[in-house]
Each structure stands twice: as C-alpha cells, then as structure tokens.
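Shown here: start21.csv, CSV, C-alpha atoms.
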chain,number,residue,atom,x,y,z
A,13,ASN,CA,6.1,15.6,29.5
A,14,ALA,CA,6.3,12.9,26.8
A,15,GLY,CA,9.2,14.7,25.1
A,16,VAL,CA,9.4,13.7,21.4
A,17,THR,CA,6.9,11.0,20.3
A,18,GLN,CA,6.9,9.2,17.0
A,19,THR,CA,4.3,6.9,15.3
A,20,PRO,CA,4.4,4.2,14.2
A,21,LYS,CA,7.2,2.3,16.0
A,22,PHE,CA,7.4,-0.3,13.3
A,23,GLN,CA,6.2,-0.5,9.7
A,24,VAL,CA,6.6,-2.8,6.7
A,25,LEU,CA,5.8,-1.4,3.3
A,26,LYS,CA,5.9,-2.9,-0.2
A,27,THR,CA,7.9,-1.1,-2.9
A,28,GLY,CA,5.8,1.8,-4.3
A,29,GLN,CA,3.6,2.2,-1.3
A,30,SER,CA,3.4,5.6,0.5
A,31,MET,CA,3.3,6.4,4.2
A,32,THR,CA,3.7,9.3,6.6
A,33,LEU,CA,5.7,9.2,9.8
A,34,GLN,CA,4.4,11.4,12.5
A,35,CYS,CA,6.4,13.3,15.1
A,36,ALA,CA,5.3,15.5,17.9
A,37,GLN,CA,7.1,17.3,20.7
A,38,ASP,CA,5.7,18.9,23.9
A,39,MET,CA,8.8,20.8,25.0
A,40,ASN,CA,7.9,24.1,23.2
A,41,HIS,CA,10.9,23.7,20.9
A,42,ASN,CA,11.2,25.7,17.8
A,43,SER,CA,13.4,23.5,15.6
A,44,MET,CA,12.7,19.9,14.5
A,45,TYR,CA,14.6,17.4,12.5
A,46,TRP,CA,14.2,14.1,10.7
A,47,TYR,CA,17.2,11.6,10.5
A,48,ARG,CA,17.7,8.2,9.2
A,49,GLN,CA,20.2,5.8,10.7
A,50,ASP,CA,21.7,2.9,8.8
A,51,PRO,CA,24.5,0.5,9.8
A,52,GLY,CA,27.9,1.9,9.0
A,53,MET,CA,26.4,5.2,7.8
A,54,GLY,CA,25.6,6.9,11.1
A,55,LEU,CA,22.8,9.5,11.5
A,56,ARG,CA,22.0,11.4,8.4
A,57,LEU,CA,19.8,14.5,8.3
A,58,ILE,CA,16.9,14.2,5.8
A,59,TYR,CA,15.0,17.5,6.4
A,60,TYR,CA,14.8,20.0,9.1
A,61,SER,CA,12.5,22.8,10.2
A,62,ALA,CA,14.2,25.7,11.9
A,63,SER,CA,10.9,27.2,13.0
A,64,GLU,CA,7.2,26.9,12.4
A,65,GLY,CA,6.5,27.6,8.7
A,66,THR,CA,10.0,26.8,7.4
A,67,THR,CA,11.5,23.5,6.1
A,68,ASP,CA,14.9,22.8,4.5
A,69,LYS,CA,16.7,19.9,2.9
A,70,GLY,CA,19.3,18.1,4.8
A,71,GLU,CA,22.0,15.7,3.5
A,72,VAL,CA,19.7,13.0,2.0
A,73,PRO,CA,16.3,14.5,1.1
A,74,ASN,CA,15.6,12.6,-2.1
A,75,GLY,CA,12.4,10.5,-1.9
A,76,TYR,CA,11.0,12.3,1.1
A,77,ASN,CA,8.8,15.3,1.8
A,78,VAL,CA,8.0,17.0,5.1
A,79,SER,CA,5.3,19.1,6.6
A,80,ARG,CA,5.7,21.3,9.7
A,81,LEU,CA,2.0,21.2,10.6
A,82,ASN,CA,2.4,23.5,13.6
A,83,LYS,CA,5.0,24.2,16.3
A,84,ARG,CA,4.5,20.7,17.8
A,85,GLU,CA,4.3,18.5,14.8
A,86,PHE,CA,6.6,17.6,12.0
A,87,SER,CA,5.8,14.8,9.6
A,88,LEU,CA,7.9,12.9,7.1
A,89,ARG,CA,6.3,11.4,4.0
A,90,LEU,CA,7.5,8.7,1.7
A,91,GLU,CA,5.6,9.0,-1.6
A,92,SER,CA,6.8,5.9,-3.3
A,93,ALA,CA,8.8,3.7,-0.9
A,94,ALA,CA,12.0,1.9,-2.2
A,95,PRO,CA,14.0,-0.8,-0.5
A,96,SER,CA,16.8,1.7,-0.1
A,97,GLN,CA,14.6,3.6,2.3
A,98,THR,CA,14.7,0.6,4.7
A,99,SER,CA,16.1,2.3,7.8
A,100,VAL,CA,15.5,3.5,11.3
A,101,TYR,CA,14.0,7.0,11.3
A,102,PHE,CA,14.4,9.4,14.2
A,103,CYS,CA,12.7,12.7,14.8
A,104,ALA,CA,14.5,15.2,17.0
A,105,SER,CA,13.9,18.7,18.3
A,106,SER,CA,15.9,21.6,19.8
A,107,LEU,CA,14.9,24.8,21.5
A,108,LEU,CA,16.3,27.0,18.8
A,109,GLU,CA,18.2,26.5,15.5
A,110,GLU,CA,21.3,28.1,17.1
A,111,TRP,CA,21.2,25.4,19.7
A,112,TYR,CA,20.6,22.6,17.3
A,113,GLY,CA,23.5,20.6,18.5
A,114,GLU,CA,21.6,19.9,21.6
A,115,GLN,CA,18.8,17.8,20.3
A,116,TYR,CA,16.2,15.5,21.9
A,117,PHE,CA,15.3,12.4,20.0
A,118,GLY,CA,12.1,10.4,19.7
A,119,PRO,CA,12.1,6.6,20.1
A,120,GLY,CA,12.4,6.0,16.3
A,121,THR,CA,10.4,4.2,13.6
A,122,ARG,CA,11.8,1.0,12.2
A,123,LEU,CA,10.8,0.9,8.5
A,124,THR,CA,11.3,-2.1,6.2
A,125,VAL,CA,10.5,-1.8,2.5
A,126,THR,CA,10.2,-5.1,0.6
B,9,GLN,CA,38.2,12.0,4.5
B,10,LYS,CA,35.1,11.7,6.6
B,11,GLU,CA,33.9,14.9,8.3
B,12,VAL,CA,33.7,13.3,11.7
B,13,GLU,CA,35.7,10.1,12.4
B,14,GLN,CA,35.4,7.7,15.3
B,15,ASN,CA,36.9,4.3,15.9
B,16,SER,CA,34.0,2.0,15.6
B,17,GLY,CA,35.4,-0.4,18.3
B,18,PRO,CA,34.2,-2.3,20.0
B,19,LEU,CA,36.1,-0.8,23.0
B,20,SER,CA,36.1,-3.2,25.9
B,21,VAL,CA,37.0,-2.1,29.4
B,22,PRO,CA,36.7,-3.7,32.8
B,23,GLU,CA,34.2,-2.3,35.3
B,24,GLY,CA,35.8,0.5,37.3
B,25,ALA,CA,38.3,1.4,34.6
B,26,ILE,CA,38.5,4.6,32.6
B,27,ALA,CA,37.0,4.4,29.1
B,28,SER,CA,38.5,6.8,26.6
B,29,LEU,CA,36.5,7.6,23.4
B,30,ASN,CA,38.0,9.7,20.6
B,31,CYS,CA,36.7,11.7,17.7
B,32,THR,CA,38.5,13.7,15.0
B,33,TYR,CA,36.9,16.2,12.7
B,34,SER,CA,38.0,17.7,9.4
B,35,ASP,CA,36.4,21.3,9.4
B,36,ARG,CA,38.6,23.7,11.3
B,37,VAL,CA,35.8,26.2,11.7
B,38,SER,CA,33.6,23.8,13.7
B,39,GLN,CA,32.2,25.6,16.6
B,40,SER,CA,30.4,23.1,18.9
B,41,PHE,CA,30.9,19.5,19.9
B,42,PHE,CA,28.6,17.0,21.4
B,43,TRP,CA,28.6,13.5,22.7
B,44,TYR,CA,25.5,11.3,22.5
B,45,ARG,CA,24.9,7.9,24.0
B,46,GLN,CA,22.8,5.3,22.2
B,47,TYR,CA,21.8,2.1,23.9
B,48,SER,CA,21.1,-0.8,21.5
B,49,GLY,CA,17.6,-0.4,19.9
B,50,LYS,CA,17.1,3.0,21.5
B,51,SER,CA,17.4,6.6,20.4
B,52,PRO,CA,20.5,8.9,20.9
B,53,GLU,CA,20.6,10.9,24.1
B,54,LEU,CA,22.8,14.0,24.6
B,55,ILE,CA,25.2,13.5,27.5
B,56,MET,CA,27.9,16.2,27.0
B,57,SER,CA,28.4,19.4,25.0
B,58,ILE,CA,31.7,21.4,24.8
B,59,TYR,CA,32.3,24.7,23.1
B,60,SER,CA,35.8,25.8,24.1
B,61,ASN,CA,39.2,24.2,24.4
B,62,GLY,CA,40.0,22.3,27.5
B,63,ASP,CA,38.1,19.9,29.7
B,64,LYS,CA,34.5,19.9,30.8
B,65,GLU,CA,33.4,17.6,33.6
B,66,ASP,CA,30.0,16.3,34.5
B,67,GLY,CA,29.9,13.6,37.1
B,68,ARG,CA,31.8,10.6,35.8
B,69,PHE,CA,32.1,12.1,32.3
B,70,THR,CA,34.8,14.5,31.0
B,71,ALA,CA,34.8,15.9,27.6
B,72,GLN,CA,38.1,17.2,26.2
B,73,LEU,CA,38.4,19.5,23.2
B,74,ASN,CA,41.6,20.5,21.3
B,75,LYS,CA,40.7,22.6,18.3
B,76,ALA,CA,44.3,23.0,17.2
B,77,SER,CA,44.5,19.2,16.7
B,78,GLN,CA,40.9,18.9,15.7
B,79,TYR,CA,39.9,16.3,18.2
B,80,VAL,CA,37.4,15.8,20.9
B,81,SER,CA,37.3,13.0,23.4
B,82,LEU,CA,35.1,11.6,26.1
B,83,LEU,CA,36.4,10.0,29.3
B,84,ILE,CA,34.2,7.9,31.4
B,85,ARG,CA,35.6,7.3,34.9
B,86,ASP,CA,34.6,4.3,37.0
B,87,SER,CA,33.0,2.6,34.0
B,88,GLN,CA,29.9,0.6,34.8
B,89,PRO,CA,28.2,-2.1,32.8
B,90,SER,CA,25.3,0.3,32.4
B,91,ASP,CA,27.7,2.5,30.3
B,92,SER,CA,27.8,-0.2,27.6
B,93,ALA,CA,26.4,1.6,24.6
B,94,THR,CA,27.4,3.3,21.3
B,95,TYR,CA,28.8,6.8,21.8
B,96,LEU,CA,28.2,9.2,18.9
B,97,CYS,CA,30.4,12.3,18.4
B,98,ALA,CA,28.6,15.2,16.7
B,99,VAL,CA,30.2,18.4,15.4
B,100,LYS,CA,28.4,21.6,14.5
B,101,ASN,CA,29.7,24.0,11.9
B,102,GLY,CA,26.4,25.4,10.6
B,103,LYS,CA,25.1,21.8,10.2
B,104,LEU,CA,25.4,19.0,12.7
B,105,THR,CA,27.4,16.0,11.5
B,106,PHE,CA,27.5,12.8,13.4
B,107,GLY,CA,30.3,10.2,13.5
B,108,GLN,CA,29.5,6.6,13.1
B,109,GLY,CA,29.9,5.9,16.8
B,110,THR,CA,32.1,3.8,19.0
B,111,ILE,CA,30.7,0.7,20.6
B,112,LEU,CA,31.7,0.6,24.3
B,113,THR,CA,31.4,-2.6,26.3
B,114,VAL,CA,32.1,-2.6,30.1
B,115,HIS,CA,32.5,-6.1,31.4
B,116,PRO,CA,32.1,-7.0,35.1
Structure rendered as structure tokens:
Amino acid sequence: NAGVTQTPKFQVLKTGQSMTLQCAQDMNHNSMYWYRQDPGMGLRLIYYSASEGTTDKGEVPNGYNVSRLNKREFSLRLESAAPSQTSVYFCASSLLEEWYGEQYFGPGTRLTVT
Amino acid sequence: QKEVEQNSGPLSVPEGAIASLNCTYSDRVSQSFFWYRQYSGKSPELIMSIYSNGDKEDGRFTAQLNKASQYVSLLIRDSQPSDSATYLCAVKNGKLTFGQGTILTVHP
C-alpha cells in the first residue's frame, strides 16, 4: 500500500502560469482533502470531497479549483498562479467524512511562485 | 481569539523526561480532538485521537481532554530524541481546525 501519493514533489511557477497537483490514495477512502501549510498559519483547508462526485470549499478556496476524478484521485488546479500561493500543499484522505478528523496525509508538494 | 491555540515553543526537554503539550479551543461544541506529529520537511501523521473527557493512553503517549475547561493535552513519557517534531492539535466541530503546532526538542 502506497497510502496517499502526490505529484510533483517540487514545482516552481512564474506568476500567471497554471498547474495541476495530483493526489491519489489506495486505501479505499471515501473523503479527500487539500490543505496548504504556511509558516505561522498552520494547516488550512482549501477544498474537500466528502465522497466521489462531490466537492466543497474549505477555508481558503480562492484561486483554486478541484476535481474528484474517481474514488482514488483528487486533483487541485491553480489557474493563474500568484506569489501568495507559494506554500506546501498536502493532500489527505479519510475513510468517511464522519471520521475526517482521522486523516492520512500525502508527502506534500512544495510550490514556489515567482 | 484563534479557534485552536497552541504554544509554538520550542519546548525543550531532556531525554527520558515527560513532555507536556497543551492546546486550547474556543468552540464549546467541539466533538473530537486529535494530535498529529510532523517531522521537519514531512507530512503530518495522526498519533492520538480522543473523544470523551479524561485520559487515553497509547504506549508512551497520553491524551487528556477537559471539555469544561476547553483544553486538550498530550503527554509523552520517557521522551526520546526521535520524538523531536512539531505536534499539531486538531479540533473537529463539523470542520477540522488545526493549531499552529508546538515544536518539541528532546535533547540527549
């Protein structure tokens, strides 16, 4: 079991460029999440998907879009990157939304926007 | 007032000592409480969950919850250098809110 995988691990973008962060889990979890982690700000939820076919905004959704491609995969897209989106991005999953305090995290993507 | 507050530390303890990490939360209806450990440059890892008042023990870790006082703590007994990490408190009341984390350093 790989758990939660994320690609890429590192990325540098120029302002205005777009990119998609990929996330996949092989634990047969129903719920998936995207967070960003910034120094002094802790982990903040961007979007989540309680189950396949549903997505909802979290605390900081502006500038991002998501797609729950199937039960395993949940992608995060930056349409027009801004320096304020420089951060570490984590994908996570949980068995059910009711259990979403018990989350399993991927290794993260370190994104720099210049 | 932040929803979930932790002392950012760093908290430094000698090897073999008890490390005590504290967390307070503002929403009285919070239902579930979690501790995550995050090593430098790595992702958070769930180490404890607690749902009712009192203590919950798992190996060297004990989580303590006091809903009346709105705090949750994590005790690490016989601290080891490998316990050096950032410990994130997370509180669930519909949504999951993380504190900023406490940096723990265990020195030999």
(message) Using all atoms listed in the file, which protein or nucleic acid residues come within 6 Å of range 27-38 of chain A? Drop anything in the same chain fewer than 4 positions from it, and give the result as a ChimeraX atom specification.
(response) /A:15-19,84-94,126
(request) Determine the nearest neighbour of Tyr59 in chain A from the options A:Gln23, A:Ser79, A:Ser99, A:Asn42, counting only C-alpha atoms. (result) A:Ser79
Give one line per residue of chain A that approaches chain B to at most 12 Å, naming the two atoms of the closest pair and their distance in Å to one decimal, counting only C-alpha atoms; sort by chain then ascending residue number and deliver it as a Markdown table.
| residue | atom | partner | partner_atom | distance |
| --- | --- | --- | --- | --- |
| A:Val16 | CA | B:Ser51 | CA | 10.7 |
| A:Thr17 | CA | B:Ser51 | CA | 11.4 |
| A:Gln18 | CA | B:Ser51 | CA | 11.3 |
| A:Lys21 | CA | B:Lys50 | CA | 11.3 |
| A:Tyr45 | CA | B:Leu104 | CA | 10.9 |
| A:Tyr47 | CA | B:Phe106 | CA | 10.8 |
| A:Arg48 | CA | B:Ser51 | CA | 11.3 |
| A:Gln49 | CA | B:Gln108 | CA | 9.6 |
| A:Asp50 | CA | B:Gln108 | CA | 9.6 |
| A:Pro51 | CA | B:Gln108 | CA | 8.5 |
| A:Gly52 | CA | B:Gln108 | CA | 6.4 |
| A:Met53 | CA | B:Gln108 | CA | 6.3 |
| A:Gly54 | CA | B:Gln108 | CA | 4.4 |
| A:Leu55 | CA | B:Phe106 | CA | 6.0 |
| A:Arg56 | CA | B:Phe106 | CA | 7.6 |
| A:Leu57 | CA | B:Thr105 | CA | 8.4 |
| A:Ile58 | CA | B:Leu104 | CA | 12.0 |
| A:Tyr59 | CA | B:Lys103 | CA | 11.6 |
| A:Tyr60 | CA | B:Lys103 | CA | 10.5 |
| A:Ala62 | CA | B:Lys103 | CA | 11.7 |
| A:Asp68 | CA | B:Lys103 | CA | 11.7 |
| A:Lys69 | CA | B:Lys103 | CA | 11.3 |
| A:Gly70 | CA | B:Lys103 | CA | 8.7 |
| A:Glu71 | CA | B:Lys103 | CA | 9.6 |
| A:Val100 | CA | B:Gly49 | CA | 9.7 |
| A:Tyr101 | CA | B:Ser51 | CA | 9.7 |
| A:Phe102 | CA | B:Ser51 | CA | 7.4 |
| A:Cys103 | CA | B:Ser51 | CA | 9.5 |
| A:Ala104 | CA | B:Pro52 | CA | 9.5 |
| A:Ser105 | CA | B:Glu53 | CA | 11.8 |
| A:Ser106 | CA | B:Leu54 | CA | 11.3 |
| A:Glu109 | CA | B:Gly102 | CA | 9.6 |
| A:Glu110 | CA | B:Gly102 | CA | 8.7 |
| A:Trp111 | CA | B:Ser40 | CA | 9.5 |
| A:Tyr112 | CA | B:Leu104 | CA | 7.6 |
| A:Gly113 | CA | B:Leu104 | CA | 6.3 |
| A:Glu114 | CA | B:Leu54 | CA | 6.7 |
| A:Gln115 | CA | B:Leu54 | CA | 7.0 |
| A:Tyr116 | CA | B:Glu53 | CA | 6.7 |
| A:Phe117 | CA | B:Ser51 | CA | 6.2 |
| A:Gly118 | CA | B:Ser51 | CA | 6.6 |
| A:Pro119 | CA | B:Ser51 | CA | 5.3 |
| A:Gly120 | CA | B:Ser51 | CA | 6.5 |
| A:Thr121 | CA | B:Ser51 | CA | 10.0 |
| A:Arg122 | CA | B:Gly49 | CA | 9.7 |
(message) Just the number, please: distance in Å from CA of Ser96 in chain A to CA of Val125 in chain A, one decimal.
(response)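 Spanning CA of Ser96 in chain A to CA of Val125 in chain A is a straight-line distance of 7.7 Å.
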(request) Excluding Asn15 in chain B and any residue of its chain fewer than 4 positions from it, enumerate the residues within 8 Å of it, using all atoms listed in the file, and give them as a PyMOL selection string. (result) chain B and resi 30-31+109-110
(message) If I take CA of Ala93 in chain B and CA of Val114 in chain B, how far is one from the other in Å, to one decimal?
(response)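 Distance reported for this atom pair: 9.0 Å.
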Please list as a PDB file with C-alpha atoms, in the coordinates of the input every residue within 9 Å of Ser63 in chain A, counting all atoms listed in the file and excluding residues in the same chain fewer than 3 positions away.
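Generated file (around29.pdb):
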ATOM      1  CA  HIS A  41      10.900  23.700  20.900  1.00  0.00           C
ATOM      2  CA  ASN A  42      11.200  25.700  17.800  1.00  0.00           C
ATOM      3  CA  SER A  43      13.400  23.500  15.600  1.00  0.00           C
ATOM      4  CA  MET A  44      12.700  19.900  14.500  1.00  0.00           C
ATOM      5  CA  THR A  66      10.000  26.800   7.400  1.00  0.00           C
ATOM      6  CA  THR A  67      11.500  23.500   6.100  1.00  0.00           C
ATOM      7  CA  ARG A  80       5.700  21.300   9.700  1.00  0.00           C
ATOM      8  CA  LYS A  83       5.000  24.200  16.300  1.00  0.00           C
ATOM      9  CA  LEU A 108      16.300  27.000  18.800  1.00  0.00           C
ATOM     10  CA  GLU A 109      18.200  26.500  15.500  1.00  0.00           C
TER      11      GLU A 109
END
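The space between CA of Gly75 in chain A and CA of Leu25 in chain A spans 14.6 Å.
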(message) Could you check the closest approach to Val78 in chain A for each of A:Asn13, A:Thr98, A:Gly65, A:Lys26 and tell me which residue wins, using all atoms listed in the file?
(response)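 Residue with the minimum atom-to-atom distance to Val78 in chain A: A:Gly65.
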